[in-house]
$ cat structure_12.csv   # CSV, C-alpha atoms
chain,number,residue,atom,x,y,z
R,1,MET,CA,-110.6,49.0,6.3
R,2,ALA,CA,-108.2,46.6,8.1
R,3,ARG,CA,-105.8,46.9,5.2
R,4,PHE,CA,-106.0,50.7,5.5
R,5,ARG,CA,-105.1,50.5,9.2
R,6,THR,CA,-102.1,48.2,8.3
R,7,LEU,CA,-100.8,50.3,5.5
R,8,LEU,CA,-101.1,53.8,7.1
R,9,PRO,CA,-98.2,53.4,9.6
R,10,THR,CA,-96.0,51.8,7.0
R,11,LEU,CA,-96.5,54.4,4.3
R,12,LEU,CA,-96.3,57.4,6.5
R,13,GLY,CA,-93.7,56.2,9.0
R,14,VAL,CA,-95.6,58.3,11.5
R,15,LEU,CA,-98.6,56.4,12.7
R,16,VAL,CA,-99.2,53.3,14.7
R,17,LEU,CA,-103.0,53.0,14.7
R,18,SER,CA,-104.7,50.5,16.9
R,19,ILE,CA,-107.7,48.6,15.6
R,20,SER,CA,-109.7,49.9,18.6
R,21,SER,CA,-108.7,53.5,18.6
R,22,ALA,CA,-112.2,54.7,17.7
R,23,SER,CA,-113.3,54.1,21.2
R,24,ALA,CA,-110.8,55.5,23.7
R,25,SER,CA,-109.5,53.2,26.4
R,26,GLU,CA,-110.4,53.7,30.0
R,27,SER,CA,-106.9,55.0,30.7
R,28,ASP,CA,-107.4,57.7,28.1
R,29,ARG,CA,-110.8,58.9,29.4
R,30,THR,CA,-110.9,61.9,31.7
R,31,SER,CA,-114.0,63.2,33.2
R,32,LEU,CA,-114.7,66.8,32.0
R,33,ALA,CA,-116.3,67.4,35.4
R,34,GLN,CA,-112.8,67.0,36.9
R,35,GLY,CA,-111.4,69.4,34.3
R,36,PRO,CA,-110.4,68.6,30.8
R,37,ARG,CA,-107.2,66.8,29.8
R,38,ALA,CA,-106.7,69.4,27.1
R,39,TYR,CA,-108.5,72.0,25.0
R,40,ALA,CA,-109.0,72.0,21.3
R,41,ILE,CA,-109.8,75.1,19.2
R,42,GLY,CA,-110.8,74.7,15.6
R,43,ASP,CA,-113.3,75.0,12.8
R,44,SER,CA,-115.8,72.5,11.3
R,45,VAL,CA,-113.1,69.9,10.8
R,46,LEU,CA,-112.6,69.5,14.5
R,47,LEU,CA,-116.3,69.9,15.0
R,48,GLY,CA,-116.7,66.7,13.1
R,49,ALA,CA,-114.5,64.9,15.7
R,50,LYS,CA,-116.0,66.7,18.7
R,51,GLN,CA,-117.5,63.7,20.4
R,52,GLU,CA,-114.4,61.5,19.9
R,53,LEU,CA,-112.2,64.2,21.3
R,54,ARG,CA,-114.6,64.7,24.2
R,55,ASP,CA,-114.3,60.9,24.9
R,56,LEU,CA,-110.6,61.6,25.4
R,57,GLY,CA,-111.3,64.3,27.9
R,58,ILE,CA,-110.6,67.2,25.6
R,59,ARG,CA,-112.9,70.2,25.8
R,60,VAL,CA,-113.6,71.3,22.2
R,61,ASP,CA,-114.3,74.8,21.0
R,62,ALA,CA,-115.0,74.3,17.3
R,63,VAL,CA,-117.1,76.6,15.2
R,64,GLU,CA,-118.1,76.1,11.5
R,65,GLY,CA,-116.4,78.8,9.4
R,66,ARG,CA,-114.1,80.0,12.1
R,67,GLN,CA,-111.4,82.3,10.9
R,68,PRO,CA,-107.8,82.0,12.3
R,69,GLN,CA,-107.9,85.6,13.5
R,70,ARG,CA,-110.5,84.5,16.1
R,71,LEU,CA,-107.8,82.4,17.8
R,72,ARG,CA,-106.7,85.2,20.2
R,73,GLY,CA,-110.2,85.5,21.7
R,74,ALA,CA,-110.6,81.7,22.0
R,75,ILE,CA,-107.3,81.4,23.8
R,76,SER,CA,-108.2,84.3,26.2
R,77,ASP,CA,-111.5,82.5,27.1
R,78,LEU,CA,-109.6,79.4,28.3
R,79,PRO,CA,-109.1,78.9,32.0
R,80,LYS,CA,-105.6,79.7,33.2
R,81,ASP,CA,-104.9,76.1,34.2
R,82,GLY,CA,-101.9,75.3,32.0
R,83,ARG,CA,-103.4,72.4,30.3
R,84,PRO,CA,-102.3,71.6,26.7
R,85,ILE,CA,-104.1,73.1,23.7
R,86,VAL,CA,-104.8,71.6,20.2
R,87,ILE,CA,-105.1,74.1,17.4
R,88,HIS,CA,-106.7,73.4,14.0
R,89,LEU,CA,-107.3,76.6,12.1
R,90,GLY,CA,-106.5,77.8,8.6
R,91,THR,CA,-109.2,76.0,6.6
R,92,ASN,CA,-111.5,79.0,6.2
R,93,GLY,CA,-108.8,81.7,5.8
R,94,LEU,CA,-105.1,82.3,6.0
R,95,PHE,CA,-103.3,81.4,9.3
R,96,ASP,CA,-101.0,84.3,9.1
R,97,GLN,CA,-98.0,85.6,11.0
R,98,GLU,CA,-100.2,87.8,13.2
R,99,THR,CA,-102.2,84.7,14.2
R,100,CYS,CA,-99.0,83.0,15.0
R,101,ARG,CA,-97.8,85.9,17.1
R,102,ASP,CA,-101.2,85.9,19.0
R,103,LEU,CA,-100.7,82.2,19.6
R,104,ILE,CA,-97.2,82.6,20.9
R,105,ARG,CA,-98.2,85.6,23.1
R,106,GLY,CA,-101.2,83.7,24.5
R,107,VAL,CA,-99.6,80.3,25.3
R,108,ASP,CA,-95.8,80.1,25.0
R,109,GLY,CA,-94.5,79.0,28.3
R,110,ARG,CA,-97.9,78.6,29.8
R,111,ARG,CA,-99.3,75.7,27.8
R,112,ASP,CA,-98.0,72.9,25.6
R,113,VAL,CA,-99.4,73.0,22.1
R,114,VAL,CA,-100.4,70.6,19.3
R,115,LEU,CA,-100.7,72.3,15.9
R,116,VAL,CA,-102.5,70.6,13.1
R,117,THR,CA,-101.9,71.6,9.5
R,118,VAL,CA,-105.0,72.0,7.3
R,119,HIS,CA,-106.2,70.2,4.2
R,120,ALA,CA,-108.6,71.9,1.8
R,121,PRO,CA,-108.9,72.8,-1.9
R,122,ARG,CA,-108.4,76.5,-1.1
R,123,SER,CA,-105.7,78.9,-2.4
R,124,TRP,CA,-104.6,79.9,1.1
R,125,VAL,CA,-104.0,76.4,2.5
R,126,SER,CA,-100.3,76.3,1.4
R,127,GLY,CA,-99.7,79.6,3.1
R,128,SER,CA,-101.6,78.5,6.3
R,129,ASN,CA,-99.6,75.3,6.5
R,130,LYS,CA,-96.3,77.1,6.0
R,131,THR,CA,-97.1,79.6,8.8
R,132,ILE,CA,-98.3,76.8,11.1
R,133,ARG,CA,-95.1,74.8,10.6
R,134,SER,CA,-93.1,78.0,11.2
R,135,CYS,CA,-95.1,78.9,14.2
R,136,ALA,CA,-94.3,75.5,15.8
R,137,ARG,CA,-90.6,76.2,15.4
R,138,LYS,CA,-91.0,79.7,17.0
R,139,MET,CA,-92.5,78.4,20.2
R,140,LYS,CA,-89.5,78.5,22.6
R,141,ASP,CA,-91.0,77.9,26.1
R,142,SER,CA,-93.6,75.3,25.4
R,143,SER,CA,-93.5,71.7,24.1
R,144,VAL,CA,-95.0,71.7,20.6
R,145,GLY,CA,-96.4,68.8,18.6
R,146,LEU,CA,-97.1,69.1,14.9
R,147,ILE,CA,-99.5,66.9,13.0
R,148,ASN,CA,-99.1,67.1,9.3
R,149,TRP,CA,-102.8,66.5,8.5
R,150,HIS,CA,-102.4,68.0,5.0
R,151,ARG,CA,-99.9,65.4,4.0
R,152,ILE,CA,-101.9,62.5,5.5
R,153,ALA,CA,-105.2,63.6,3.9
R,154,ARG,CA,-103.5,64.2,0.6
R,155,THR,CA,-101.9,60.7,0.8
R,156,PHE,CA,-105.2,59.0,1.9
R,157,PRO,CA,-108.0,61.0,0.3
R,158,ASN,CA,-110.6,58.5,1.6
R,159,LEU,CA,-110.1,60.1,5.0
R,160,VAL,CA,-112.1,63.2,3.9
R,161,TYR,CA,-115.4,63.6,2.1
R,162,GLY,CA,-115.6,64.7,-1.6
R,163,ASP,CA,-115.3,68.4,-0.5
R,164,GLY,CA,-111.7,67.6,0.3
R,165,ILE,CA,-112.1,69.1,3.8
R,166,HIS,CA,-114.4,67.4,6.2
R,167,LEU,CA,-113.7,64.1,7.9
R,168,GLN,CA,-115.0,60.7,7.0
R,169,PRO,CA,-115.3,58.3,9.9
R,170,ALA,CA,-111.8,56.9,9.1
R,171,GLY,CA,-110.5,60.5,9.1
R,172,VAL,CA,-112.1,61.2,12.5
R,173,GLU,CA,-110.5,58.0,13.8
R,174,THR,CA,-107.1,58.8,12.4
R,175,LEU,CA,-107.0,62.5,13.4
R,176,VAL,CA,-108.2,61.8,16.9
R,177,ASP,CA,-105.6,59.0,17.3
R,178,LEU,CA,-102.8,61.4,16.2
R,179,ILE,CA,-104.0,64.0,18.7
R,180,ARG,CA,-104.1,61.5,21.5
R,181,LYS,CA,-100.6,60.3,20.7
R,182,GLU,CA,-99.2,63.9,20.6
R,183,LEU,CA,-100.9,64.7,23.9
R,184,THR,CA,-99.3,61.7,25.6
R,185,ARG,CA,-95.9,63.3,24.9
R,186,PHE,CA,-96.6,66.2,27.3

$ encode --input "structure_12.csv" --output "structure tokens"
Amino acid sequence: MARFRTLLPTLLGVLVLSISSASASESDRTSLAQGPRAYAIGDSVLLGAKQELRDLGIRVDAVEGRQPQRLRGAISDLPKDGRPIVIHLGTNGLFDQETCRDLIRGVDGRRDVVLVTVHAPRSWVSGSNKTIRSCARKMKDSSVGLINWHRIARTFPNLVYGDGIHLQPAGVETLVDLIRKELTRF
């Protein structure tokens, strides 16, 4: 495990993982009673990291089997407080251009966004990830972070279980750390 933590940043040139990232530092913790630091909308992949994201002060709305087309409703249910939003959708169905338009209409200029590509042995994943990357470029009035989870999970298959989708503990730690780092940019 220690070797994994050492190799990951070197191989990807993206990550700088800390040995203690599984438990958030006190400076990262935000009381949800005071309002969340950010919001996260996703499917069962984010559901697997719900507690760790909550420990960072992120309010998580993750539902097993959630389709990307449900994003508009999830965004409209958020308080109008301008806090950042993390989106991980496209595992259970195509994240299409209509979903991207809904996202842009719902948040561009009103919230900063972290988009996370998806990793799954499904025919639509390539299309989802292409649209997610394109959507990040189309956001003009918000700061946007993009986490290429697909590449990371493909490079390090031990981050996900045998189904090729759901997060192993090391995957939870890695994804949560990446989200935390993206949010610190805003």

$ residues_around --input "structure_12.csv" --residues "Ile132 of chain R" --least-positions-apart "2" --cutoff "12 Å" --atoms "only C-alpha atoms" --output "ChimeraX atom specification"
/R:68,87-91,94-101,103-104,113-118,125-130,134-139,144-150

$ closest_residue --input "structure_12.csv" --among "R:Leu178, R:Val172, R:Leu159, R:Leu183" --to "Gly48 of chain R" --atoms "only C-alpha atoms"
R:Val172

$ residues_around --input "structure_12.csv" --residues "Ile58 of chain R" --least-positions-apart "3" --cutoff "7 Å" --atoms "only C-alpha atoms" --output "list in words"
Pro36, Arg37, Ala38, Tyr39, Ala40, Leu53 and Arg54 of chain R

$ residues_around --input "structure_12.csv" --residues "segment 161-170 of chain R" --least-positions-apart "6" --cutoff "9 Å" --atoms "only C-alpha atoms" --output "number ranges by chain"
R: 1, 22, 44-46, 48-49, 91, 118-121, 153-154

$ write_last_selection --input "structure_12.csv" --atoms "C-alpha atoms" --output "PDB file, in the frame of the given file"
ATOM      1  CA  MET R   1    -110.600  49.000   6.300  1.00  0.00           C
ATOM      2  CA  ALA R  22    -112.200  54.700  17.700  1.00  0.00           C
ATOM      3  CA  SER R  44    -115.800  72.500  11.300  1.00  0.00           C
ATOM      4  CA  VAL R  45    -113.100  69.900  10.800  1.00  0.00           C
ATOM      5  CA  LEU R  46    -112.600  69.500  14.500  1.00  0.00           C
ATOM      6  CA  GLY R  48    -116.700  66.700  13.100  1.00  0.00           C
ATOM      7  CA  ALA R  49    -114.500  64.900  15.700  1.00  0.00           C
ATOM      8  CA  THR R  91    -109.200  76.000   6.600  1.00  0.00           C
ATOM      9  CA  VAL R 118    -105.000  72.000   7.300  1.00  0.00           C
ATOM     10  CA  HIS R 119    -106.200  70.200   4.200  1.00  0.00           C
ATOM     11  CA  ALA R 120    -108.600  71.900   1.800  1.00  0.00           C
ATOM     12  CA  PRO R 121    -108.900  72.800  -1.900  1.00  0.00           C
ATOM     13  CA  ALA R 153    -105.200  63.600   3.900  1.00  0.00           C
ATOM     14  CA  ARG R 154    -103.500  64.200   0.600  1.00  0.00           C
TER      15      ARG R 154
END

$ residues_near_point --input "structure_12.csv" --point "(-111.8, 73.1, 17.4)" --cutoff "6 Å" --atoms "all atoms listed in the file" --output "JSON, numbers by chain"
{"R": [40, 41, 42, 43, 46, 60, 61, 62]}

$ atom_distance --input "structure_12.csv" --atom1 "atom CA of Gln51 of chain R" --atom2 "atom CA of Leu175 of chain R"
12.7 Å

$ closest_residue --input "structure_12.csv" --among "R:Gly109, R:Gly93, R:Gly73, R:Gly82" --to "Lys140 of chain R" --atoms "only C-alpha atoms"
R:Gly109

$ closest_residue --input "structure_12.csv" --among "R:Asp102, R:Arg111, R:Gly57, R:Arg66" --to "Leu78 of chain R" --atoms "only C-alpha atoms"
R:Arg111

$ closest_residue --input "structure_12.csv" --among "R:Thr174, R:Asn92, R:Val107, R:Val63" --to "Lys80 of chain R" --atoms "all atoms listed in the file"
R:Val107

$ atom_distance --input "structure_12.csv" --atom1 "atom CA of Asp112 of chain R" --atom2 "atom CA of Ser142 of chain R"
5.0 Å

$ atom_distance --input "structure_12.csv" --atom1 "atom CA of Pro84 of chain R" --atom2 "atom CA of Arg110 of chain R"
8.8 Å

$ axis_aligned_box --input "structure_12.csv" --around "segment 96-105 of chain R" --padding-each-side "5 Å" --output "lines of an AutoDock Vina configuration file"
center_x = -99.7
center_y = 85.0
center_z = 16.1
size_x = 15.0
size_y = 15.6
size_z = 24.0

$ build_atoms --input "structure_12.csv" --residues "segment 60-83 of chain R" --atoms "N, CA, C and O atoms" --output "mmCIF file, in the coordinates of the input"
data_model
loop_
_atom_site.group_PDB
_atom_site.id
_atom_site.type_symbol
_atom_site.label_atom_id
_atom_site.label_comp_id
_atom_site.auth_asym_id
_atom_site.auth_seq_id
_atom_site.Cartn_x
_atom_site.Cartn_y
_atom_site.Cartn_z
ATOM 1 N N VAL R 60 -113.711 70.818 23.580
ATOM 2 C CA VAL R 60 -113.600 71.300 22.200
ATOM 3 C C VAL R 60 -114.393 72.579 22.010
ATOM 4 O O VAL R 60 -115.571 72.673 22.351
ATOM 5 N N ASP R 61 -113.714 73.564 21.450
ATOM 6 C CA ASP R 61 -114.300 74.800 21.000
ATOM 7 C C ASP R 61 -114.116 74.896 19.512
ATOM 8 O O ASP R 61 -113.095 75.396 19.035
ATOM 9 N N ALA R 62 -115.061 74.339 18.771
ATOM 10 C CA ALA R 62 -115.000 74.300 17.300
ATOM 11 C C ALA R 62 -116.219 74.946 16.726
ATOM 12 O O ALA R 62 -117.332 74.647 17.156
ATOM 13 N N VAL R 63 -116.001 75.821 15.758
ATOM 14 C CA VAL R 63 -117.100 76.600 15.200
ATOM 15 C C VAL R 63 -116.974 76.502 13.648
ATOM 16 O O VAL R 63 -115.887 76.738 13.089
ATOM 17 N N GLU R 64 -118.069 76.185 13.000
ATOM 18 C CA GLU R 64 -118.100 76.100 11.500
ATOM 19 C C GLU R 64 -117.722 77.519 10.990
ATOM 20 O O GLU R 64 -118.213 78.548 11.452
ATOM 21 N N GLY R 65 -116.806 77.538 10.033
ATOM 22 C CA GLY R 65 -116.400 78.800 9.400
ATOM 23 C C GLY R 65 -115.449 79.650 10.175
ATOM 24 O O GLY R 65 -115.157 80.770 9.767
ATOM 25 N N ARG R 66 -114.938 79.150 11.296
ATOM 26 C CA ARG R 66 -114.100 80.000 12.100
ATOM 27 C C ARG R 66 -112.817 80.421 11.380
ATOM 28 O O ARG R 66 -112.122 79.632 10.764
ATOM 29 N N GLN R 67 -112.548 81.698 11.476
ATOM 30 C CA GLN R 67 -111.400 82.300 10.900
ATOM 31 C C GLN R 67 -110.195 82.206 11.869
ATOM 32 O O GLN R 67 -110.389 82.321 13.080
ATOM 33 N N PRO R 68 -108.978 82.032 11.372
ATOM 34 C CA PRO R 68 -107.800 82.000 12.300
ATOM 35 C C PRO R 68 -107.665 83.192 13.161
ATOM 36 O O PRO R 68 -107.187 83.083 14.290
ATOM 37 N N GLN R 69 -108.082 84.350 12.689
ATOM 38 C CA GLN R 69 -107.900 85.600 13.500
ATOM 39 C C GLN R 69 -108.774 85.553 14.738
ATOM 40 O O GLN R 69 -108.581 86.386 15.618
ATOM 41 N N ARG R 70 -109.668 84.607 14.870
ATOM 42 C CA ARG R 70 -110.500 84.500 16.100
ATOM 43 C C ARG R 70 -109.750 83.669 17.170
ATOM 44 O O ARG R 70 -110.259 83.485 18.271
ATOM 45 N N LEU R 71 -108.539 83.227 16.880
ATOM 46 C CA LEU R 71 -107.800 82.400 17.800
ATOM 47 C C LEU R 71 -107.488 83.150 19.129
ATOM 48 O O LEU R 71 -107.632 82.598 20.216
ATOM 49 N N ARG R 72 -107.092 84.408 19.025
ATOM 50 C CA ARG R 72 -106.700 85.200 20.200
ATOM 51 C C ARG R 72 -107.884 85.187 21.225
ATOM 52 O O ARG R 72 -107.687 84.946 22.412
ATOM 53 N N GLY R 73 -109.092 85.463 20.773
ATOM 54 C CA GLY R 73 -110.200 85.500 21.700
ATOM 55 C C GLY R 73 -110.534 84.124 22.276
ATOM 56 O O GLY R 73 -110.857 84.009 23.461
ATOM 57 N N ALA R 74 -110.397 83.074 21.456
ATOM 58 C CA ALA R 74 -110.600 81.700 22.000
ATOM 59 C C ALA R 74 -109.625 81.334 23.024
ATOM 60 O O ALA R 74 -109.966 80.718 24.038
ATOM 61 N N ILE R 75 -108.366 81.729 22.833
ATOM 62 C CA ILE R 75 -107.300 81.400 23.800
ATOM 63 C C ILE R 75 -107.598 82.207 25.118
ATOM 64 O O ILE R 75 -107.480 81.663 26.215
ATOM 65 N N SER R 76 -107.975 83.469 24.985
ATOM 66 C CA SER R 76 -108.200 84.300 26.200
ATOM 67 C C SER R 76 -109.397 83.785 26.991
ATOM 68 O O SER R 76 -109.485 84.036 28.193
ATOM 69 N N ASP R 77 -110.314 83.060 26.351
ATOM 70 C CA ASP R 77 -111.500 82.500 27.100
ATOM 71 C C ASP R 77 -111.154 81.234 27.837
ATOM 72 O O ASP R 77 -111.973 80.771 28.632
ATOM 73 N N LEU R 78 -109.974 80.656 27.630
ATOM 74 C CA LEU R 78 -109.600 79.400 28.300
ATOM 75 C C LEU R 78 -109.261 79.693 29.779
ATOM 76 O O LEU R 78 -108.692 80.734 30.101
ATOM 77 N N PRO R 79 -109.556 78.733 30.649
ATOM 78 C CA PRO R 79 -109.100 78.900 32.000
ATOM 79 C C PRO R 79 -107.575 78.917 32.092
ATOM 80 O O PRO R 79 -106.900 78.363 31.233
ATOM 81 N N LYS R 80 -107.046 79.564 33.076
ATOM 82 C CA LYS R 80 -105.600 79.700 33.200
ATOM 83 C C LYS R 80 -105.045 78.506 34.008
ATOM 84 O O LYS R 80 -104.434 78.653 35.050
ATOM 85 N N ASP R 81 -105.272 77.299 33.488
ATOM 86 C CA ASP R 81 -104.900 76.100 34.200
ATOM 87 C C ASP R 81 -103.662 75.380 33.629
ATOM 88 O O ASP R 81 -103.246 74.347 34.133
ATOM 89 N N GLY R 82 -103.080 75.914 32.557
ATOM 90 C CA GLY R 82 -101.900 75.300 32.000
ATOM 91 C C GLY R 82 -102.020 74.066 31.216
ATOM 92 O O GLY R 82 -101.020 73.477 30.797
ATOM 93 N N ARG R 83 -103.242 73.631 31.012
ATOM 94 C CA ARG R 83 -103.400 72.400 30.300
ATOM 95 C C ARG R 83 -103.120 72.583 28.781
ATOM 96 O O ARG R 83 -103.251 73.689 28.255
#
